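Novice: What follows is work03.txt, made up of compact mmCIF, C-alpha atoms:
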# COMPACT_ATOMS: atom_id res chain seq x y z
CA MET O 17 -5.32 15.98 -81.67
CA MET O 18 -4.52 18.29 -78.78
CA ASN O 19 -0.79 18.42 -79.36
CA THR O 20 1.34 21.53 -79.05
CA SER O 21 4.99 22.44 -79.37
CA ARG O 22 7.56 20.70 -77.20
CA PRO O 23 9.81 22.71 -74.91
CA ALA O 24 13.47 21.98 -74.43
CA PRO O 25 14.33 18.81 -72.48
CA PRO O 26 14.18 19.33 -68.70
CA THR O 27 17.19 19.57 -66.47
CA GLY O 28 18.33 16.82 -64.13
CA ARG O 29 16.93 18.75 -61.15
CA THR O 30 13.53 19.02 -62.82
CA ARG O 31 13.53 15.30 -63.59
CA LEU O 32 14.46 14.50 -59.99
CA LEU O 33 11.70 16.73 -58.59
CA ALA O 34 9.11 15.21 -60.93
CA THR O 35 10.15 11.68 -59.97
CA GLY O 36 9.92 12.60 -56.29
CA ALA O 37 6.47 14.07 -56.87
CA ALA O 38 5.28 10.90 -58.59
CA THR O 39 6.66 8.82 -55.71
CA VAL O 40 4.74 10.86 -53.13
CA THR O 41 1.56 10.47 -55.16
CA VAL O 42 1.85 6.71 -55.50
CA GLY O 43 2.57 6.23 -51.79
CA LEU O 44 -0.37 8.36 -50.67
CA TRP O 45 -2.80 6.83 -53.16
CA ALA O 46 -1.84 3.39 -51.92
CA SER O 47 -2.56 4.47 -48.34
CA ALA O 48 -5.99 5.64 -49.47
CA PHE O 49 -7.14 2.05 -49.96
CA VAL O 50 -6.56 1.32 -46.29
CA SER O 51 -8.38 4.48 -45.19
CA ILE O 52 -11.30 3.96 -47.58
CA ARG O 53 -11.84 0.49 -46.13
CA SER O 54 -12.19 1.97 -42.65
CA ALA O 55 -14.23 5.06 -43.53
CA GLY O 56 -16.47 3.11 -45.90
CA GLU O 57 -17.91 1.14 -43.01
CA ALA O 58 -19.62 4.29 -41.69
CA TYR O 59 -20.07 6.44 -44.79
CA SER O 60 -21.95 5.77 -48.01
CA PRO O 61 -20.04 6.19 -51.30
CA GLY O 62 -21.34 9.65 -52.16
CA ALA O 63 -21.04 11.04 -48.63
CA LEU O 64 -17.48 9.75 -48.32
CA ALA O 65 -16.52 11.31 -51.66
CA LEU O 66 -18.07 14.67 -50.72
CA GLY O 67 -16.45 14.76 -47.27
CA ARG O 68 -13.07 13.87 -48.76
CA LEU O 69 -13.39 16.55 -51.45
CA LEU O 70 -14.54 19.24 -49.02
CA ALA O 71 -11.55 18.56 -46.75
CA GLY O 72 -9.22 18.65 -49.74
CA ALA O 73 -10.75 21.81 -51.18
CA LEU O 74 -10.46 23.66 -47.87
CA ALA O 75 -6.79 22.71 -47.52
CA LEU O 76 -5.97 23.59 -51.11
CA GLY O 77 -7.92 26.85 -50.91
CA ALA O 78 -5.97 27.89 -47.83
CA VAL O 79 -2.68 27.22 -49.60
CA CYS O 80 -3.85 29.20 -52.63
CA LEU O 81 -4.74 32.17 -50.42
CA ILE O 82 -1.37 32.05 -48.68
CA ARG O 83 0.45 31.86 -52.02
CA ARG O 84 -1.89 34.46 -53.55
CA GLU O 85 -2.73 32.23 -56.47
CA GLY O 86 -5.17 33.79 -58.88
CA TRP O 87 -7.85 32.21 -61.02
CA PRO O 88 -6.61 29.86 -63.74
CA PRO O 89 -6.54 31.30 -67.28
CA ARG O 90 -9.70 30.83 -69.30
CA ALA O 91 -7.94 28.41 -71.65
CA ALA O 92 -7.25 26.03 -68.74
CA TRP O 93 -10.85 25.79 -67.57
CA PRO O 94 -12.13 23.13 -70.01
CA GLY O 95 -9.49 20.67 -68.82
CA ILE O 96 -10.01 21.63 -65.17
CA ALA O 97 -13.78 21.24 -65.42
CA ILE O 98 -13.65 17.88 -67.21
CA SER O 99 -11.01 16.43 -64.89
CA GLY O 100 -12.90 17.74 -61.85
CA LEU O 101 -16.13 16.15 -63.04
CA LEU O 102 -14.68 12.82 -64.19
CA TRP O 103 -11.81 12.23 -61.77
CA PHE O 104 -12.48 14.17 -58.57
CA GLY O 105 -16.24 13.65 -58.66
CA PHE O 106 -17.44 10.68 -60.73
CA TYR O 107 -14.41 8.45 -60.14
CA MET O 108 -14.43 8.79 -56.35
CA VAL O 109 -18.15 8.05 -56.02
CA VAL O 110 -18.27 5.01 -58.31
CA LEU O 111 -15.03 3.57 -56.92
CA ASN O 112 -16.35 3.83 -53.33
CA TRP O 113 -19.58 2.18 -54.50
CA GLY O 114 -17.82 -0.49 -56.52
CA GLU O 115 -15.60 -1.55 -53.62
CA GLN O 116 -18.75 -2.22 -51.59
CA GLN O 117 -19.94 -4.65 -54.27
CA VAL O 118 -16.79 -6.62 -55.12
CA ASP O 119 -13.81 -7.97 -53.24
CA ALA O 120 -10.61 -5.95 -53.11
CA GLY O 121 -8.82 -8.14 -55.62
CA THR O 122 -11.50 -7.78 -58.28
CA ALA O 123 -11.66 -4.02 -57.74
CA ALA O 124 -7.89 -3.64 -58.02
CA LEU O 125 -7.79 -5.75 -61.17
CA VAL O 126 -10.58 -3.89 -62.98
CA VAL O 127 -9.46 -0.39 -61.97
CA ASN O 128 -5.94 -1.16 -63.18
CA ILE O 129 -7.05 -1.05 -66.79
CA GLY O 130 -6.95 2.73 -66.20
CA PRO O 131 -3.26 3.17 -67.16
CA ILE O 132 -3.88 1.25 -70.39
CA LEU O 133 -6.79 3.54 -71.25
CA ILE O 134 -4.62 6.57 -70.41
CA ALA O 135 -1.93 5.36 -72.79
CA LEU O 136 -4.42 4.79 -75.59
CA LEU O 137 -6.22 8.12 -75.07
CA GLY O 138 -2.94 9.98 -74.56
CA SER O 139 -1.56 8.62 -77.81
CA ARG O 140 -4.74 9.43 -79.73
CA LEU O 141 -5.65 12.82 -78.24
CA LEU O 142 -2.37 14.25 -76.94
CA GLY O 143 0.11 12.72 -79.33
CA ASP O 144 1.97 10.96 -76.51
CA PRO O 145 4.78 8.71 -77.78
CA MET O 146 4.46 4.99 -77.15
CA PRO O 147 8.08 3.80 -76.89
CA PRO O 148 8.74 0.05 -76.61
CA ARG O 149 9.98 0.39 -73.01
CA LEU O 150 6.70 1.98 -71.95
CA LEU O 151 4.61 -0.72 -73.64
CA ALA O 152 6.78 -3.51 -72.21
CA GLY O 153 6.65 -2.02 -68.71
CA MET O 154 2.86 -1.66 -68.85
CA ALA O 155 2.51 -5.29 -69.95
CA VAL O 156 4.68 -6.51 -67.06
CA SER O 157 2.87 -4.31 -64.52
CA PHE O 158 -0.57 -5.36 -65.76
CA ALA O 159 0.44 -9.00 -65.40
CA GLY O 160 1.45 -8.19 -61.82
CA ALA O 161 -1.88 -6.46 -61.19
CA VAL O 162 -3.70 -9.53 -62.50
CA ALA O 163 -1.67 -11.74 -60.13
CA VAL O 164 -2.43 -9.47 -57.16
CA GLY O 165 -6.11 -9.34 -58.09
CA LEU O 166 -6.44 -13.11 -58.44
CA SER O 167 -4.58 -13.73 -55.19
CA MET O 168 -6.82 -11.33 -53.26
CA SER O 169 -10.10 -12.49 -54.82
CA GLY O 170 -12.42 -14.93 -53.19
CA GLU O 171 -12.98 -13.12 -49.89
CA GLY O 172 -16.26 -11.28 -50.14
CA GLY O 173 -18.81 -11.29 -52.88
CA SER O 174 -18.46 -10.11 -56.42
CA SER O 175 -21.29 -8.82 -58.57
CA VAL O 176 -21.80 -7.68 -62.12
CA LEU O 177 -22.78 -4.26 -60.78
CA GLY O 178 -19.53 -4.00 -58.82
CA VAL O 179 -17.41 -4.92 -61.84
CA VAL O 180 -19.26 -2.40 -63.99
CA LEU O 181 -18.76 0.32 -61.36
CA CYS O 182 -15.02 -0.38 -61.14
CA LEU O 183 -14.82 -0.33 -64.94
CA LEU O 184 -16.58 3.05 -64.97
CA ALA O 185 -14.13 4.27 -62.31
CA ALA O 186 -11.21 3.29 -64.56
CA VAL O 187 -12.78 5.13 -67.50
CA GLY O 188 -13.38 8.24 -65.36
CA TYR O 189 -9.78 8.12 -64.08
CA ALA O 190 -8.34 7.84 -67.59
CA GLY O 191 -10.55 10.56 -69.01
CA GLY O 192 -9.72 12.89 -66.12
CA VAL O 193 -5.97 12.44 -66.53
CA VAL O 194 -6.03 13.05 -70.28
CA ALA O 195 -8.25 16.14 -69.84
CA GLN O 196 -5.99 17.48 -67.08
CA LYS O 197 -2.79 17.30 -69.13
CA PRO O 198 -3.52 20.25 -71.50
CA ALA O 199 -4.72 22.37 -68.57
CA LEU O 200 -1.31 21.98 -66.95
CA GLY O 201 0.23 23.68 -69.98
CA ARG O 202 -1.80 26.80 -69.21
CA ALA O 203 -2.04 26.90 -65.39
CA GLY O 204 0.03 25.81 -62.41
CA ALA O 205 -0.29 22.41 -60.72
CA LEU O 206 -1.76 23.96 -57.57
CA GLN O 207 -4.37 25.92 -59.53
CA VAL O 208 -5.42 22.91 -61.60
CA THR O 209 -5.72 20.71 -58.53
CA THR O 210 -7.55 23.24 -56.36
CA PHE O 211 -10.20 24.15 -58.89
CA GLY O 212 -10.55 20.56 -60.08
CA CYS O 213 -11.22 19.54 -56.48
CA LEU O 214 -13.79 22.34 -56.17
CA VAL O 215 -15.55 21.15 -59.33
CA GLY O 216 -15.63 17.62 -57.91
CA ALA O 217 -17.04 18.87 -54.60
CA VAL O 218 -19.80 20.80 -56.38
CA THR O 219 -20.58 17.69 -58.41
CA CYS O 220 -21.03 15.72 -55.17
CA LEU O 221 -23.20 18.31 -53.38
CA PRO O 222 -26.36 16.18 -53.87
CA PHE O 223 -24.87 13.87 -51.21
CA ALA O 224 -24.65 16.68 -48.62
CA GLY O 225 -27.70 15.45 -46.70
CA GLN O 226 -26.25 11.94 -46.42
CA LEU O 227 -22.92 13.36 -45.25
CA VAL O 228 -24.51 15.38 -42.45
CA THR O 229 -26.66 12.46 -41.28
CA GLU O 230 -23.85 9.91 -41.39
CA ALA O 231 -21.26 12.21 -39.80
CA ALA O 232 -23.51 12.56 -36.74
CA LYS O 233 -23.48 8.77 -36.25
CA ALA O 234 -20.03 7.79 -37.54
CA PRO O 235 -17.25 6.85 -35.12
CA ALA O 236 -14.39 9.31 -34.81
CA SER O 237 -11.99 6.91 -36.51
CA ALA O 238 -14.08 6.83 -39.68
CA THR O 239 -14.38 10.61 -39.80
CA LEU O 240 -10.66 11.03 -39.21
CA ASN O 241 -9.97 8.63 -42.07
CA MET O 242 -12.25 10.69 -44.30
CA VAL O 243 -10.39 13.87 -43.37
CA TYR O 244 -7.07 12.11 -43.96
CA LEU O 245 -8.27 11.13 -47.43
CA GLY O 246 -9.05 14.76 -48.16
CA LEU O 247 -5.80 16.23 -46.85
CA PHE O 248 -3.23 13.75 -48.09
CA PRO O 249 -4.36 11.35 -50.87
CA THR O 250 -6.43 14.21 -52.37
CA ALA O 251 -4.97 17.65 -51.60
CA LEU O 252 -1.29 16.70 -51.46
CA ALA O 253 -1.16 13.65 -53.74
CA PHE O 254 -3.22 15.18 -56.55
CA THR O 255 -0.99 18.26 -56.44
CA THR O 256 2.19 16.21 -56.66
CA TRP O 257 0.57 14.23 -59.47
CA ALA O 258 -0.16 17.41 -61.44
CA TYR O 259 3.36 18.69 -60.83
CA ALA O 260 4.83 15.48 -62.25
CA LEU O 261 2.26 15.20 -65.07
CA ALA O 262 3.18 18.70 -66.26
CA ARG O 263 6.73 17.42 -66.78
CA THR O 264 6.12 14.07 -68.47
CA THR O 265 3.55 12.34 -70.65
CA ALA O 266 0.14 11.12 -69.48
CA SER O 267 1.03 7.60 -70.64
CA ARG O 268 4.20 7.43 -68.55
CA MET O 269 2.48 8.83 -65.46
CA GLY O 270 -0.35 6.34 -65.86
CA ALA O 271 2.16 3.49 -65.97
CA THR O 272 3.73 4.79 -62.75
CA THR O 273 0.50 4.16 -60.84
CA TYR O 274 0.99 0.43 -61.35
CA ALA O 275 3.19 0.65 -58.25
CA VAL O 276 0.03 1.26 -56.18
CA PRO O 277 -1.09 -2.42 -55.95
CA ALA O 278 2.35 -3.46 -54.69
CA LEU O 279 2.29 -0.77 -52.00
CA VAL O 280 -1.28 -1.66 -51.02
CA VAL O 281 -0.15 -5.25 -50.42
CA LEU O 282 2.69 -3.99 -48.21
CA MET O 283 0.49 -1.57 -46.26
CA SER O 284 -2.23 -4.18 -45.75
CA TRP O 285 0.45 -6.46 -44.36
CA LEU O 286 1.83 -3.79 -42.00
CA PHE O 287 -1.37 -2.07 -40.84
CA LEU O 288 -4.15 -4.63 -41.29
CA GLY O 289 -2.22 -7.81 -40.54
CA GLU O 290 -3.18 -9.31 -43.91
CA VAL O 291 -0.24 -11.60 -44.68
CA PRO O 292 0.25 -11.83 -48.46
CA GLY O 293 0.69 -15.19 -50.12
CA PRO O 294 3.39 -16.11 -52.64
CA LEU O 295 1.23 -15.15 -55.64
CA THR O 296 0.46 -11.76 -54.10
CA LEU O 297 4.13 -11.06 -53.43
CA ALA O 298 5.09 -12.17 -56.94
CA GLY O 299 2.41 -9.93 -58.43
CA GLY O 300 3.56 -6.96 -56.39
CA ALA O 301 7.14 -7.52 -57.53
CA LEU O 302 5.98 -7.63 -61.16
CA CYS O 303 4.08 -4.35 -60.70
CA LEU O 304 7.21 -2.62 -59.43
CA ALA O 305 9.41 -4.19 -62.10
CA GLY O 306 7.07 -3.01 -64.83
CA VAL O 307 7.09 0.55 -63.48
CA ALA O 308 10.89 0.48 -63.43
CA VAL O 309 10.96 -0.64 -67.07
CA SER O 310 8.37 1.91 -68.21
CA ARG O 311 10.25 4.79 -66.56
CA SER O 312 13.74 3.64 -67.54
CA ARG O 313 15.70 5.80 -69.94
CA PRO O 314 17.03 4.44 -73.23
CA ARG O 315 20.74 4.41 -73.88
CA ALA O 316 22.39 7.54 -75.20
CA GLY O 317 22.17 6.32 -78.77
CA THR O 318 18.37 6.10 -78.66
CA ALA O 319 17.57 8.80 -76.11
CA ALA O 320 16.33 11.20 -78.73
CA ALA O 321 13.71 8.71 -79.89
CA ALA O 322 11.91 8.54 -76.54
CA PRO O 323 12.58 11.59 -74.36
CA GLU O 324 11.79 11.24 -70.68
CA LEU O 325 9.84 13.79 -68.71
CA VAL O 326 9.28 16.07 -71.69
CA PRO O 327 5.80 17.56 -71.48
CA PRO O 328 4.25 17.40 -74.97
CA ASP O 329 1.92 20.31 -74.43
CA ALA O 330 3.34 22.37 -71.59
CA GLY O 331 4.38 25.32 -73.73
CA THR O 332 5.53 28.56 -72.27
CA ALA O 333 3.39 28.18 -69.17
CA ALA O 334 5.43 25.17 -68.10
CA ALA O 335 8.60 27.14 -68.64
CA ALA O 336 7.25 29.82 -66.34
CA GLN O 337 6.42 27.07 -63.85
CA GLU O 338 10.04 26.01 -63.93
CA ARG O 339 11.09 29.42 -62.72
CA SER O 340 8.64 29.22 -59.84
CA PRO O 341 8.04 25.56 -58.93
CA GLU O 342 4.68 24.62 -57.48
CA PRO O 343 4.30 22.50 -54.36
CA GLU O 344 3.32 18.95 -55.24
CA GLN O 345 -0.21 17.99 -56.03
CA ALA O 346 -3.81 11.28 -57.99
What does this structure look like when you write it as structure tokens?

Specialist:
Amino acid sequence: MMNTSRPAPPTGRTRLLATGAATVTVGLWASAFVSIRSAGEAYSPGALALGRLLAGALALGAVCLIRREGWPPRAAWPGIAISGLLWFGFYMVVLNWGEQQVDAGTAALVVNIGPILIALLGSRLLGDPMPPRLLAGMAVSFAGAVAVGLSMSGEGGSSVLGVVLCLLAAVGYAGGVVAQKPALGRAGALQVTTFGCLVGAVTCLPFAGQLVTEAAKAPASATLNMVYLGLFPTALAFTTWAYALARTTASRMGATTYAVPALVVLMSWLFLGEVPGPLTLAGGALCLAGVAVSRSRPRAGTAAAAPELVPPDAGTAAAAQERSPEPEQA
């Protein structure tokens, strides 16, 4: 079990910053679904993942140079390498591929087992607490994700291959988050994100030929969407994710991402003209309600039993981070 000593509970300002970081992440990740739909019409799954990661790595590298960030400590590299391979590399490729095989509703439903896997792995490997509010919130949000998935299914084909790919994406996402958490106790959010993105880009280099060929033929809108995916849902959102993850548990952060389906429904309505039906709206409301429950704080009498935003393995490195907050990074 990769559990270490717990630091003192965070201040109200720290909790507010972490909540804001998580909110930025969820909003940008939701917008990624709209951009992937557009860019995926011109780019194959591997080429799209590589282009997105290269754009993100360039942006993050520039910020690191400006801030004079050094190399992460040796102890942080195992978590950085595993999260870069599983989450930045493997997850992005198989998710892009899976969404070409199944309808959006099926993909959203299957991928949303990710937070459940994070909670299980976090409890087993990181010693994350599993308070009743977290479990109840995850159950409510998953029910909402099921409702959204069922309401959106039926348009477009589904295949066994597509379901398997989305399932693998959920496993890669969960494994990457759990591997990233210990690394954030030894290195800053910006370092962990930058070098994780670089590892993912290296992993996707076999698709370089496809990227060059497809970029020469792709419309400007598709390429711009790919660049957007690299700069915002990757470079910025993954940094804000790491910032928030360093200050809470992996299980609680995983539950927060259940807000993504609700925001995707809203964005599809606003930007794609896809009017949601009653079941879709009800499912989105359940997703948000479940997130609110999972992140709610117990009353004063039980607060000690389930501390909020207390990193279980941040150690002294997180304390140093508090003195010099990182810009936000999922």

Novice: Quick one: everything within 12 Å of O:Leu282, counting all atoms listed in the file, minus sequence neighbours fewer than 6 positions away in the same chain. Send it as a PDB file with C-alpha atoms, in the frame of the given file.

Specialist:
ATOM      1  CA  GLY O  43       2.570   6.230 -51.790  1.00  0.00           C
ATOM      2  CA  ALA O  46      -1.840   3.390 -51.920  1.00  0.00           C
ATOM      3  CA  SER O  47      -2.560   4.470 -48.340  1.00  0.00           C
ATOM      4  CA  PHE O  49      -7.140   2.050 -49.960  1.00  0.00           C
ATOM      5  CA  VAL O  50      -6.560   1.320 -46.290  1.00  0.00           C
ATOM      6  CA  VAL O 164      -2.430  -9.470 -57.160  1.00  0.00           C
ATOM      7  CA  ALA O 275       3.190   0.650 -58.250  1.00  0.00           C
ATOM      8  CA  VAL O 276       0.030   1.260 -56.180  1.00  0.00           C
ATOM      9  CA  LEU O 288      -4.150  -4.630 -41.290  1.00  0.00           C
ATOM     10  CA  GLY O 289      -2.220  -7.810 -40.540  1.00  0.00           C
ATOM     11  CA  GLU O 290      -3.180  -9.310 -43.910  1.00  0.00           C
ATOM     12  CA  VAL O 291      -0.240 -11.600 -44.680  1.00  0.00           C
ATOM     13  CA  PRO O 292       0.250 -11.830 -48.460  1.00  0.00           C
ATOM     14  CA  GLY O 293       0.690 -15.190 -50.120  1.00  0.00           C
ATOM     15  CA  THR O 296       0.460 -11.760 -54.100  1.00  0.00           C
ATOM     16  CA  LEU O 297       4.130 -11.060 -53.430  1.00  0.00           C
ATOM     17  CA  GLY O 299       2.410  -9.930 -58.430  1.00  0.00           C
ATOM     18  CA  GLY O 300       3.560  -6.960 -56.390  1.00  0.00           C
ATOM     19  CA  ALA O 301       7.140  -7.520 -57.530  1.00  0.00           C
TER      20      ALA O 301
END

Novice: Point out the residue among O:Asn241, O:Met154, O:Arg83, O:Val40 with the least atom-to-atom distance to O:Leu136, counting all atoms listed in the file.

Specialist: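 Closest residue, counting all atoms listed in the file: O:Met154.
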
Novice: Stretch 255-268 of chain O, all listed atoms, 4 Å padding on each side: what axis-aligned box centre and edge lengths in Å to one decimal come out, as JSON?

Specialist:
{"center_x": 2.9, "center_y": 13.1, "center_z": -63.5, "size_x": 15.7, "size_y": 19.3, "size_z": 22.2}

Novice: Taking 6 positions as the minimum chain separation for residues in the same chain, which residues sit within 8 Å of stretch 93-104 of chain O when counting all atoms listed in the file? Answer as a list in words.

Specialist: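 Near stretch 93-104 of chain O, the qualifying residues are Leu69, Gly188, Tyr189, Gly191, Gly192, Val193, Ala195, Gln196, Lys197, Pro198, Ala199, Val208, Thr209, Phe211, Gly212, Cys213, Leu214, Val215, Gly216, Ala217 and Thr219 of chain O.
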
Novice: Looking at only C-alpha atoms, which of O:Ala159, O:Leu247, O:Leu200, O:Leu111 is the one that sits closest to O:Val180?

Specialist: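 Smallest distance to O:Val180 is found for O:Leu111.
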
Novice: Calculated over only C-alpha atoms, which of the candidates O:Gly178, O:Asn112, O:Phe287, O:Gly143 has the smallest distance to O:Val126?

Specialist: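 Under the stated criterion, the closest residue is O:Gly178.
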
Novice: One decimal, Å: what's the distance from atom CA of O:Pro249 over to atom CA of O:Gly138, could you say?

Specialist: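 It comes out at 23.8 Å.
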
Novice: Which is closer to O:Arg140 than all the others in O:Ala48, O:Val194, O:Val228, O:Leu221, using only C-alpha atoms?

Specialist: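 Result for the nearest residue to O:Arg140: O:Val194.
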